[in-house]
$ cat query.pdb   # PDB, C-alpha atoms
ATOM      1  CA  MET A 822     -29.585 -23.273 -36.942
ATOM      2  CA  LYS A 823     -26.948 -20.829 -37.979
ATOM      3  CA  THR A 824     -28.102 -18.279 -35.420
ATOM      4  CA  VAL A 825     -28.119 -20.930 -32.698
ATOM      5  CA  ILE A 826     -24.473 -21.753 -33.447
ATOM      6  CA  VAL A 827     -23.533 -18.084 -33.482
ATOM      7  CA  VAL A 828     -25.278 -17.556 -30.157
ATOM      8  CA  LEU A 829     -23.580 -20.646 -28.728
ATOM      9  CA  ILE A 830     -20.166 -19.421 -29.846
ATOM     10  CA  PHE A 831     -20.856 -16.060 -28.265
ATOM     11  CA  CYS A 832     -21.968 -17.697 -25.020
ATOM     12  CA  LEU A 833     -18.903 -19.911 -24.967
ATOM     13  CA  ALA A 834     -16.595 -16.987 -25.682
ATOM     14  CA  PHE A 835     -18.299 -15.052 -22.905
ATOM     15  CA  ILE A 836     -17.920 -17.892 -20.410
ATOM     16  CA  VAL A 837     -14.271 -18.373 -21.335
ATOM     17  CA  THR A 838     -13.520 -14.675 -20.828
ATOM     18  CA  MET A 839     -15.432 -14.670 -17.545
ATOM     19  CA  VAL A 840     -13.420 -17.600 -16.216
ATOM     20  CA  GLY A 841     -10.233 -16.177 -17.655
ATOM     21  CA  GLN A 842     -10.769 -12.905 -15.910
ATOM     22  CA  GLU A 843     -11.577 -14.157 -12.478
ATOM     23  CA  LYS A 844      -9.588 -12.052 -10.089
ATOM     24  CA  PHE A 845      -8.889 -12.186  -6.409
ATOM     25  CA  SER A 846      -7.777  -8.944  -4.850
ATOM     26  CA  THR A 847      -7.202  -6.880  -1.738
ATOM     27  CA  LYS A 848      -6.545  -3.259  -0.852
ATOM     28  CA  THR A 849      -5.375  -4.037   2.660
ATOM     29  CA  GLY A 850      -2.371  -6.275   2.156
ATOM     30  CA  GLU A 851       0.478  -5.931   4.615
ATOM     31  CA  ILE A 852       4.152  -5.376   3.988
ATOM     32  CA  ASN A 853       6.661  -5.211   6.812
ATOM     33  CA  PHE A 854      10.327  -4.586   6.478
ATOM     34  CA  GLU A 855      13.131  -4.568   8.947
ATOM     35  CA  ALA A 856      16.696  -3.367   8.515
ATOM     36  CA  SER A 857      17.698  -3.317  12.161
ATOM     37  CA  VAL A 858      21.248  -3.759  13.368
ATOM     38  CA  PRO A 859      21.703  -5.311  16.831
ATOM     39  CA  SER A 860      22.250  -2.781  19.646
ATOM     40  CA  PHE A 861      21.049   0.132  17.489
ATOM     41  CA  GLU A 862      17.609   1.664  17.160
ATOM     42  CA  GLU A 863      15.074  -0.651  15.529
ATOM     43  CA  VAL A 864      14.634   0.146  11.812
ATOM     44  CA  LYS A 865      11.239  -1.283  11.034
ATOM     45  CA  ALA A 866       8.128  -0.191   9.197
ATOM     46  CA  GLU A 867       4.720  -1.473   8.267
ATOM     47  CA  ASN A 868       2.270  -0.670   5.496
ATOM     48  CA  ASP A 869      -1.162  -2.235   5.771
ATOM     49  CA  ASN A 870      -2.767  -0.580   2.755
ATOM     50  CA  VAL A 871      -1.035  -2.584   0.048
ATOM     51  CA  SER A 872      -3.056  -3.505  -3.052
ATOM     52  CA  ALA A 873      -2.705  -6.849  -4.772
ATOM     53  CA  VAL A 874      -4.462  -8.697  -7.591
ATOM     54  CA  LEU A 875      -4.201 -12.368  -8.522
ATOM     55  CA  GLU A 876      -5.632 -13.730 -11.783
ATOM     56  CA  THR A 877      -6.638 -17.269 -11.038
ATOM     57  CA  ALA A 878      -6.567 -18.541 -14.617
ATOM     58  CA  THR A 879      -3.025 -17.419 -15.363
ATOM     59  CA  GLY A 880      -1.370 -17.131 -11.960
ATOM     60  CA  ASN A 881      -0.444 -13.536 -12.712
ATOM     61  CA  PHE A 882       0.152 -11.611  -9.525
ATOM     62  CA  ALA A 883       0.579  -7.864  -9.066
ATOM     63  CA  ALA A 884       1.092  -5.806  -5.911
ATOM     64  CA  LEU A 885       1.413  -2.097  -5.294
ATOM     65  CA  ALA A 886       2.548  -0.287  -2.154
ATOM     66  CA  LEU A 887       2.443   3.458  -1.720
ATOM     67  CA  MET A 888       5.713   4.432  -0.052
ATOM     68  CA  LYS A 889       4.101   7.162   2.055
ATOM     69  CA  GLY A 890       1.974   4.434   3.612
ATOM     70  CA  PHE A 891       4.949   2.912   5.482
ATOM     71  CA  ARG A 892       4.703   3.763   9.156
ATOM     72  CA  PHE A 893       7.673   3.751  11.539
ATOM     73  CA  LYS A 894       7.659   3.900  15.299
ATOM     74  CA  VAL A 895      10.041   6.866  15.262
ATOM     75  CA  ALA A 896       8.621   9.858  13.349
ATOM     76  CA  LEU A 897      12.058  11.182  12.386
ATOM     77  CA  MET A 898      13.007   7.814  10.898
ATOM     78  CA  GLU A 899       9.833   7.896   8.802
ATOM     79  CA  GLU A 900      10.756  11.377   7.593
ATOM     80  CA  HIS A 901      14.295  10.310   6.654
ATOM     81  CA  PHE A 902      13.010   7.184   4.916
ATOM     82  CA  ASN A 903      10.658   9.279   2.775
ATOM     83  CA  GLU A 904      12.888  12.249   2.094
ATOM     84  CA  ASN A 905      16.433  10.895   1.957
ATOM     85  CA  TYR A 906      16.375   7.213   1.106
ATOM     86  CA  ILE A 907      13.275   6.132  -0.767
ATOM     87  CA  GLU A 908      12.506   9.664  -2.072
ATOM     88  CA  SER A 909       8.788   9.010  -1.954
ATOM     89  CA  SER A 910       7.785  12.314  -3.515
ATOM     90  CA  LYS A 911       9.746  11.433  -6.640
ATOM     91  CA  TYR A 912       8.974   7.687  -6.522
ATOM     92  CA  PRO A 913       5.642   7.396  -4.714
ATOM     93  CA  LYS A 914       5.094   3.678  -5.216
ATOM     94  CA  ALA A 915       6.732   0.286  -5.286
ATOM     95  CA  THR A 916       5.241  -2.373  -7.534
ATOM     96  CA  PHE A 917       5.702  -6.054  -8.191
ATOM     97  CA  LYS A 918       4.387  -7.781 -11.289
ATOM     98  CA  GLY A 919       4.930 -11.459 -11.776
ATOM     99  CA  LYS A 920       3.635 -14.924 -12.392
ATOM    100  CA  ILE A 921       3.227 -17.780  -9.936
ATOM    101  CA  HIS A 922       5.082 -20.881 -11.136
ATOM    102  CA  ASP A 923       2.952 -24.031 -11.626
ATOM    103  CA  PHE A 924      -0.134 -22.287 -10.312
ATOM    104  CA  ASN A 925      -3.329 -24.268 -10.625
ATOM    105  CA  PHE A 926      -6.353 -22.667  -9.041
ATOM    106  CA  SER A 927      -8.432 -25.847  -8.906
ATOM    107  CA  GLN A 928      -5.730 -27.674  -6.952
ATOM    108  CA  LEU A 929      -5.274 -24.838  -4.517
ATOM    109  CA  GLU A 930      -6.243 -25.786  -0.997
ATOM    110  CA  ASN A 931      -3.774 -26.465   1.759
ATOM    111  CA  GLU A 932      -0.682 -24.389   2.249
ATOM    112  CA  LYS A 933       1.778 -25.034  -0.489
ATOM    113  CA  LYS A 934       5.054 -23.434  -1.443
ATOM    114  CA  TYR A 935       5.282 -21.610  -4.740
ATOM    115  CA  VAL A 936       7.769 -19.402  -6.507
ATOM    116  CA  ILE A 937       6.630 -16.101  -7.982
ATOM    117  CA  LYS A 938       8.901 -14.813 -10.688
ATOM    118  CA  GLY A 939       8.541 -11.180 -11.500
ATOM    119  CA  THR A 940       9.847  -7.657 -11.526
ATOM    120  CA  PHE A 941      10.107  -5.262  -8.637
ATOM    121  CA  ASN A 942       9.978  -1.584  -9.295
ATOM    122  CA  LEU A 943      11.257   0.363  -6.331
ATOM    123  CA  HIS A 944      12.852   3.808  -6.195
ATOM    124  CA  GLY A 945      12.457   3.978  -9.969
ATOM    125  CA  THR A 946      14.654   0.895 -10.474
ATOM    126  CA  ASN A 947      13.575  -2.466 -11.889
ATOM    127  CA  LYS A 948      14.850  -5.797 -10.655
ATOM    128  CA  THR A 949      13.733  -9.276 -11.653
ATOM    129  CA  MET A 950      13.494 -11.719  -8.772
ATOM    130  CA  GLU A 951      12.160 -15.110  -7.808
ATOM    131  CA  VAL A 952      10.157 -14.764  -4.648
ATOM    132  CA  PRO A 953       9.309 -17.829  -2.554
ATOM    133  CA  SER A 954       5.780 -17.757  -1.210
ATOM    134  CA  THR A 955       3.174 -19.811   0.575
ATOM    135  CA  ILE A 956      -0.288 -19.860  -0.941
ATOM    136  CA  SER A 957      -3.462 -21.485   0.319
ATOM    137  CA  LYS A 958      -7.215 -21.314  -0.176
ATOM    138  CA  ARG A 959      -9.542 -21.146   2.799
ATOM    139  CA  ASP A 960     -13.038 -19.752   3.362
ATOM    140  CA  GLY A 961     -13.287 -18.788  -0.293
ATOM    141  CA  LYS A 962     -10.222 -16.553  -0.006
ATOM    142  CA  ILE A 963      -6.692 -16.943  -1.266
ATOM    143  CA  TRP A 964      -3.933 -16.318   1.269
ATOM    144  CA  VAL A 965      -0.512 -15.368  -0.014
ATOM    145  CA  SER A 966       2.439 -14.852   2.285
ATOM    146  CA  THR A 967       6.059 -14.300   1.450
ATOM    147  CA  GLN A 968       9.426 -13.424   2.934
ATOM    148  CA  PHE A 969      12.485 -12.273   1.080
ATOM    149  CA  ILE A 970      15.521 -10.023   1.233
ATOM    150  CA  LEU A 971      16.092  -6.814  -0.684
ATOM    151  CA  LYS A 972      19.323  -4.870  -0.839
ATOM    152  CA  PRO A 973      19.003  -1.062  -0.967
ATOM    153  CA  GLU A 974      22.076  -0.758  -3.216
ATOM    154  CA  GLU A 975      20.377  -2.870  -5.889
ATOM    155  CA  PHE A 976      17.654  -0.253  -6.133
ATOM    156  CA  ASN A 977      20.070   2.626  -6.194
ATOM    157  CA  ILE A 978      19.144   3.669  -2.659
ATOM    158  CA  LYS A 979      22.110   5.341  -1.043
ATOM    159  CA  ILE A 980      22.541   5.138   2.699
ATOM    160  CA  PRO A 981      24.923   7.861   3.928
ATOM    161  CA  SER A 982      28.003   6.443   5.667
ATOM    162  CA  ILE A 983      27.129   8.341   8.837
ATOM    163  CA  VAL A 984      24.105   6.117   9.435
ATOM    164  CA  SER A 985      25.128   3.048   7.429
ATOM    165  CA  LYS A 986      26.239   1.244  10.596
ATOM    166  CA  LYS A 987      22.760   1.589  12.015
ATOM    167  CA  ILE A 988      20.931   0.258   8.958
ATOM    168  CA  ALA A 989      21.415  -3.310   7.772
ATOM    169  CA  ASP A 990      22.513  -3.707   4.141
ATOM    170  CA  GLN A 991      20.053  -6.557   3.789
ATOM    171  CA  VAL A 992      16.443  -5.613   4.336
ATOM    172  CA  ASN A 993      14.103  -8.369   5.476
ATOM    173  CA  VAL A 994      10.737  -7.972   3.825
ATOM    174  CA  SER A 995       7.604  -9.927   4.616
ATOM    175  CA  ALA A 996       4.215  -9.545   2.995
ATOM    176  CA  PHE A 997       0.802 -10.981   3.602
ATOM    177  CA  PHE A 998      -2.288 -10.802   1.396
ATOM    178  CA  GLU A 999      -5.804 -12.031   2.038
ATOM    179  CA  LEU A1000      -7.347 -11.999  -1.434
ATOM    180  CA  LYS A1001     -11.091 -11.988  -1.977
ATOM    181  CA  ALA A1002     -12.948 -12.789  -5.183
ATOM    182  CA  GLN A1003     -13.637  -9.604  -7.112
TER     183      GLN A1003
ATOM    184  CA  MET B 821      28.157  24.707  33.636
ATOM    185  CA  LEU B 822      29.435  22.022  31.297
ATOM    186  CA  ILE B 823      27.113  19.472  32.849
ATOM    187  CA  LEU B 824      24.183  21.822  32.343
ATOM    188  CA  LEU B 825      25.102  22.242  28.663
ATOM    189  CA  VAL B 826      25.350  18.481  28.178
ATOM    190  CA  VAL B 827      21.968  17.992  29.868
ATOM    191  CA  ILE B 828      20.283  20.691  27.764
ATOM    192  CA  GLY B 829      22.006  19.464  24.601
ATOM    193  CA  GLY B 830      20.957  15.915  25.376
ATOM    194  CA  TYR B 831      17.389  17.025  26.002
ATOM    195  CA  VAL B 832      17.213  18.961  22.727
ATOM    196  CA  ALA B 833      18.779  16.062  20.792
ATOM    197  CA  TYR B 834      16.407  13.562  22.392
ATOM    198  CA  ASN B 835      13.386  15.689  21.513
ATOM    199  CA  TYR B 836      14.619  16.020  17.959
ATOM    200  CA  MET B 837      15.248  12.287  17.622
ATOM    201  CA  TYR B 838      11.982  11.246  19.195
ATOM    202  CA  GLN B 839       9.637  13.996  18.044
ATOM    203  CA  ASP B 840       5.995  13.028  17.845
ATOM    204  CA  HIS B 841       4.303  11.748  14.733
ATOM    205  CA  ARG B 842       2.172  14.215  12.823
ATOM    206  CA  ASN B 843      -1.343  14.502  14.111
ATOM    207  CA  ILE B 844      -3.308  14.660  10.872
ATOM    208  CA  GLN B 845      -6.568  15.499  12.580
ATOM    209  CA  SER B 846      -5.124  18.581  14.301
ATOM    210  CA  GLU B 847      -3.622  19.905  11.047
ATOM    211  CA  THR B 848      -5.453  22.337   8.797
ATOM    212  CA  SER B 849      -6.512  20.872   5.472
ATOM    213  CA  HIS B 850      -4.307  21.882   2.579
ATOM    214  CA  ILE B 851      -7.254  21.672   0.198
ATOM    215  CA  GLU B 852     -10.906  20.655   0.108
ATOM    216  CA  ILE B 853     -11.695  18.595  -2.960
ATOM    217  CA  THR B 854     -14.371  16.232  -4.280
ATOM    218  CA  ALA B 855     -13.441  12.548  -4.620
ATOM    219  CA  PRO B 856     -13.829  12.318  -8.443
ATOM    220  CA  TYR B 857     -11.802  15.492  -8.963
ATOM    221  CA  LEU B 858      -9.022  14.240  -6.679
ATOM    222  CA  LEU B 859      -8.790  11.056  -8.771
ATOM    223  CA  GLU B 860      -8.841  13.141 -11.944
ATOM    224  CA  ARG B 861      -5.878  15.171 -10.727
ATOM    225  CA  PHE B 862      -3.792  12.055 -10.083
ATOM    226  CA  LYS B 863      -4.761  10.552 -13.442
ATOM    227  CA  LYS B 864      -3.570  13.735 -15.131
ATOM    228  CA  GLU B 865      -0.368  13.466 -13.057
ATOM    229  CA  ASP B 866      -1.206  16.657 -11.287
ATOM    230  CA  GLY B 867      -1.352  15.161  -7.812
ATOM    231  CA  ALA B 868       2.266  15.219  -6.655
ATOM    232  CA  SER B 869       1.760  18.455  -4.724
ATOM    233  CA  LEU B 870      -0.941  16.734  -2.651
ATOM    234  CA  LEU B 871       1.245  13.809  -1.557
ATOM    235  CA  ASN B 872       1.697  13.594   2.199
ATOM    236  CA  GLN B 873      -0.671  16.551   2.643
ATOM    237  CA  THR B 874      -3.623  16.658   4.952
ATOM    238  CA  ILE B 875      -6.682  17.083   2.739
ATOM    239  CA  THR B 876     -10.449  17.080   3.034
ATOM    240  CA  VAL B 877     -12.321  14.961   0.511
ATOM    241  CA  THR B 878     -16.053  15.121  -0.038
ATOM    242  CA  GLY B 879     -18.157  12.540  -1.788
ATOM    243  CA  THR B 880     -20.707   9.754  -1.652
ATOM    244  CA  ILE B 881     -19.869   6.445  -0.005
ATOM    245  CA  THR B 882     -19.822   3.654  -2.601
ATOM    246  CA  SER B 883     -18.486   0.856  -0.409
ATOM    247  CA  ILE B 884     -17.605   0.127   3.194
ATOM    248  CA  GLU B 885     -14.966  -2.372   4.228
ATOM    249  CA  GLU B 886     -13.272  -3.237   7.462
ATOM    250  CA  GLY B 887     -11.416  -0.094   8.520
ATOM    251  CA  ALA B 888     -11.974   1.757   5.257
ATOM    252  CA  ILE B 889     -14.563   3.424   3.078
ATOM    253  CA  THR B 890     -14.548   4.269  -0.615
ATOM    254  CA  LEU B 891     -15.952   7.532  -1.960
ATOM    255  CA  ASN B 892     -17.385   7.664  -5.496
ATOM    256  CA  GLU B 893     -15.297   4.596  -6.408
ATOM    257  CA  SER B 894     -12.402   7.061  -6.624
ATOM    258  CA  VAL B 895     -10.937   7.542  -3.172
ATOM    259  CA  TYR B 896     -10.089   4.841  -0.658
ATOM    260  CA  ALA B 897      -9.895   6.183   2.887
ATOM    261  CA  SER B 898      -8.524   4.048   5.701
ATOM    262  CA  PHE B 899      -9.361   4.758   9.309
ATOM    263  CA  PRO B 900      -7.076   4.096  12.272
ATOM    264  CA  LYS B 901     -10.058   3.690  14.540
ATOM    265  CA  ILE B 902     -13.446   2.155  13.929
ATOM    266  CA  ILE B 903     -15.471   3.904  11.250
ATOM    267  CA  PRO B 904     -18.443   5.817  12.638
ATOM    268  CA  LYS B 905     -21.843   4.537  11.629
ATOM    269  CA  VAL B 906     -22.287   5.317   7.950
ATOM    270  CA  LYS B 907     -23.902   3.525   5.049
ATOM    271  CA  VAL B 908     -23.525   3.313   1.301
ATOM    272  CA  ASN B 909     -24.869   6.427  -0.487
ATOM    273  CA  ASP B 910     -24.216   8.695   2.507
ATOM    274  CA  LYS B 911     -22.614  11.991   1.592
ATOM    275  CA  VAL B 912     -19.642  12.667   3.832
ATOM    276  CA  ALA B 913     -16.458  14.704   4.232
ATOM    277  CA  ILE B 914     -13.260  12.954   5.234
ATOM    278  CA  LYS B 915     -10.040  14.436   6.504
ATOM    279  CA  GLY B 916      -6.894  12.401   6.019
ATOM    280  CA  ARG B 917      -3.393  12.184   4.614
ATOM    281  CA  CYS B 918      -3.084  11.675   0.873
ATOM    282  CA  ILE B 919      -0.590   8.848   0.248
ATOM    283  CA  GLY B 920      -0.904   8.530  -3.526
ATOM    284  CA  TYR B 921      -2.477   6.973  -6.589
ATOM    285  CA  ASP B 922      -2.987   3.231  -6.780
ATOM    286  CA  GLU B 923      -2.985   2.297 -10.464
ATOM    287  CA  LEU B 924      -3.949  -1.345  -9.785
ATOM    288  CA  PHE B 925      -7.399  -0.241  -8.675
ATOM    289  CA  GLY B 926      -7.448   3.236 -10.187
ATOM    290  CA  ILE B 927      -8.036   4.917  -6.841
ATOM    291  CA  VAL B 928      -6.385   7.544  -4.671
ATOM    292  CA  LYS B 929      -5.523   6.359  -1.164
ATOM    293  CA  LEU B 930      -5.802   8.287   2.083
ATOM    294  CA  ASP B 931      -4.693   7.082   5.501
ATOM    295  CA  GLN B 932      -5.195   8.256   9.107
ATOM    296  CA  CYS B 933      -8.681   9.396   8.142
ATOM    297  CA  ASN B 934     -11.485  10.710  10.206
ATOM    298  CA  LEU B 935     -15.037  11.670   9.250
ATOM    299  CA  ILE B 936     -15.394  15.396   9.744
ATOM    300  CA  LYS B 937     -18.895  15.758   8.386
ATOM    301  CA  LEU B 938     -21.369  13.068   9.171
ATOM    302  CA  PRO B 939     -24.305  12.406   6.902
ATOM    303  CA  GLN B 940     -27.330  14.522   7.655
TER     304      GLN B 940
END
$ encode --input "query.pdb" --output "structure tokens"
Amino acid sequence: MKTVIVVLIFCLAFIVTMVGQEKFSTKTGEINFEASVPSFEEVKAENDNVSAVLETATGNFAALALMKGFRFKVALMEEHFNENYIESSKYPKATFKGKIHDFNFSQLENEKKYVIKGTFNLHGTNKTMEVPSTISKRDGKIWVSTQFILKPEEFNIKIPSIVSKKIADQVNVSAFFELKAQ
Amino acid sequence: MLILLVVIGGYVAYNYMYQDHRNIQSETSHIEITAPYLLERFKKEDGASLLNQTITVTGTITSIEEGAITLNESVYASFPKIIPKVKVNDKVAIKGRCIGYDELFGIVKLDQCNLIKLPQ
């Protein structure tokens, strides 16, 4: 009898950890940003190799973008972005770690608005933010999309005055993740 | 004379401003390295010198996804074009640009990849 109980407890503990650790993830999330100023050259880049992990039991969400993975239309702009502004050799990645407010995996279905509260780490600087996002569940996948604004100055990114007119001081960021069960 | 200078100056400036993107596949590889060793170098924080470099990585395919393959569960290589016909367990060599270490998955990522040695 005693052994049966012990085995049962072990099984239960195992099941609980299994459920607790269910993760949805992707390595091909997309992040776009645009800091264009009207009548100047478009300042826009895309990274479609962004990693993200969502823990369904807790609503914990983490994303990681390698800065060198951002592609611009103009090669020189990409070079300046990497070398002068974001300093991608010194700070190769940007991360976000946070928690989705009121997240309940079992109720996830149609598109619904959520707020993800968490910390951005970009250019070696941390900033806590609340990010509005739309999350839905379709075809066994979780779809997360979000749009928000970042300000370079808040991450200690200095834009030289010579080009500051051509780069918006508010950067529009949008991200999209199609997360599959791991 | 002045007009000529302006035209030449303009041409040079335009070419500087709108120079072509790097063509990774026409560049010579900075290093040839196995997939597990490449990951090891980034884990030991000895990978910074490889960032943004064109490198050749050899290894065994452990998974194939849309537009990307993983070597030895250590290196994730994304392809701009469709991946040539390969299967899991094939031994291949990939040439691409090293963009860094992804600590969420514990892998090194490469983009603009191409298979340079197909499985035999």
$ closest_residue --input "query.pdb" --among "B:Lys911, B:Leu871, B:Val877, B:Val928" --to "Val895 in chain B" --atoms "all atoms listed in the file"
B:Val928
$ interface_residues --input "query.pdb" --of "chain B" --to "chain A" --cutoff "10 Å" --atoms "all atoms listed in the file" --output "PyMOL selection string"
chain B and resi 836-842+868-872+885-888+896-898+917-925+929-932
$ atom_distance --input "query.pdb" --atom1 "CA of Phe917 in chain A" --atom2 "CA of Arg959 in chain A"
24.1 Å
$ residues_around --input "query.pdb" --residues "range 982-992 of chain A" --least-positions-apart "2" --cutoff "6 Å" --atoms "all atoms listed in the file" --output "ChimeraX atom specification"
/A:855-858,861,970-972,980
$ write_last_selection --input "query.pdb" --atoms "C-alpha atoms" --output "PDB file, in the coordinates of the input"
ATOM      1  CA  GLU A 855      13.131  -4.568   8.947  1.00  0.00           C
ATOM      2  CA  ALA A 856      16.696  -3.367   8.515  1.00  0.00           C
ATOM      3  CA  SER A 857      17.698  -3.317  12.161  1.00  0.00           C
ATOM      4  CA  VAL A 858      21.248  -3.759  13.368  1.00  0.00           C
ATOM      5  CA  PHE A 861      21.049   0.132  17.489  1.00  0.00           C
ATOM      6  CA  ILE A 970      15.521 -10.023   1.233  1.00  0.00           C
ATOM      7  CA  LEU A 971      16.092  -6.814  -0.684  1.00  0.00           C
ATOM      8  CA  LYS A 972      19.323  -4.870  -0.839  1.00  0.00           C
ATOM      9  CA  ILE A 980      22.541   5.138   2.699  1.00  0.00           C
TER      10      ILE A 980
END
$ atom_distance --input "query.pdb" --atom1 "CA of Gly939 in chain A" --atom2 "CA of Ile852 in chain A"
17.1 Å
$ closest_residue --input "query.pdb" --among "B:Phe862, B:Pro856, B:Gly830, B:Asn934" --to "Ile902 in chain B" --atoms "all atoms listed in the file"
B:Asn934
$ atom_distance --input "query.pdb" --atom1 "CA of Ile956 in chain A" --atom2 "CA of Glu932 in chain A"
5.6 Å
$ resolve_selection --input "query.pdb" --expression "the PyMOL selection byres ((chain B and resi 853) around 10)" --output "NGL selection string"
:B and (850-852 or 854-859 or 875-879 or 913)
$ residues_around --input "query.pdb" --residues "Met950 in chain A" --least-positions-apart "6" --cutoff "9 Å" --atoms "only C-alpha atoms" --output "list in words"
Ile937, Lys938, Gly939, Thr940 and Phe941 of chain A
$ closest_residue --input "query.pdb" --among "A:Lys948, A:Glu930, A:Asn993, A:Pro953" --to "Lys865 in chain A" --atoms "only C-alpha atoms"
A:Asn993
$ closest_residue --input "query.pdb" --among "B:Ile844, B:Met821, B:Leu938, B:Val826" --to "Lys905 in chain B" --atoms "only C-alpha atoms"
B:Leu938
$ closest_residue --input "query.pdb" --among "A:Phe924, A:Gly850, A:Thr955, A:Phe902" --to "Ala866 in chain A" --atoms "only C-alpha atoms"
A:Phe902
$ residues_around --input "query.pdb" --residues "Gly880 in chain A" --least-positions-apart "4" --cutoff "6 Å" --atoms "all atoms listed in the file" --output "PyMOL selection string"
chain A and resi 876+920-921+924
$ closest_residue --input "query.pdb" --among "A:Leu875, A:Leu943, A:Leu929, A:Val936" --to "Glu975 in chain A" --atoms "all atoms listed in the file"
A:Leu943
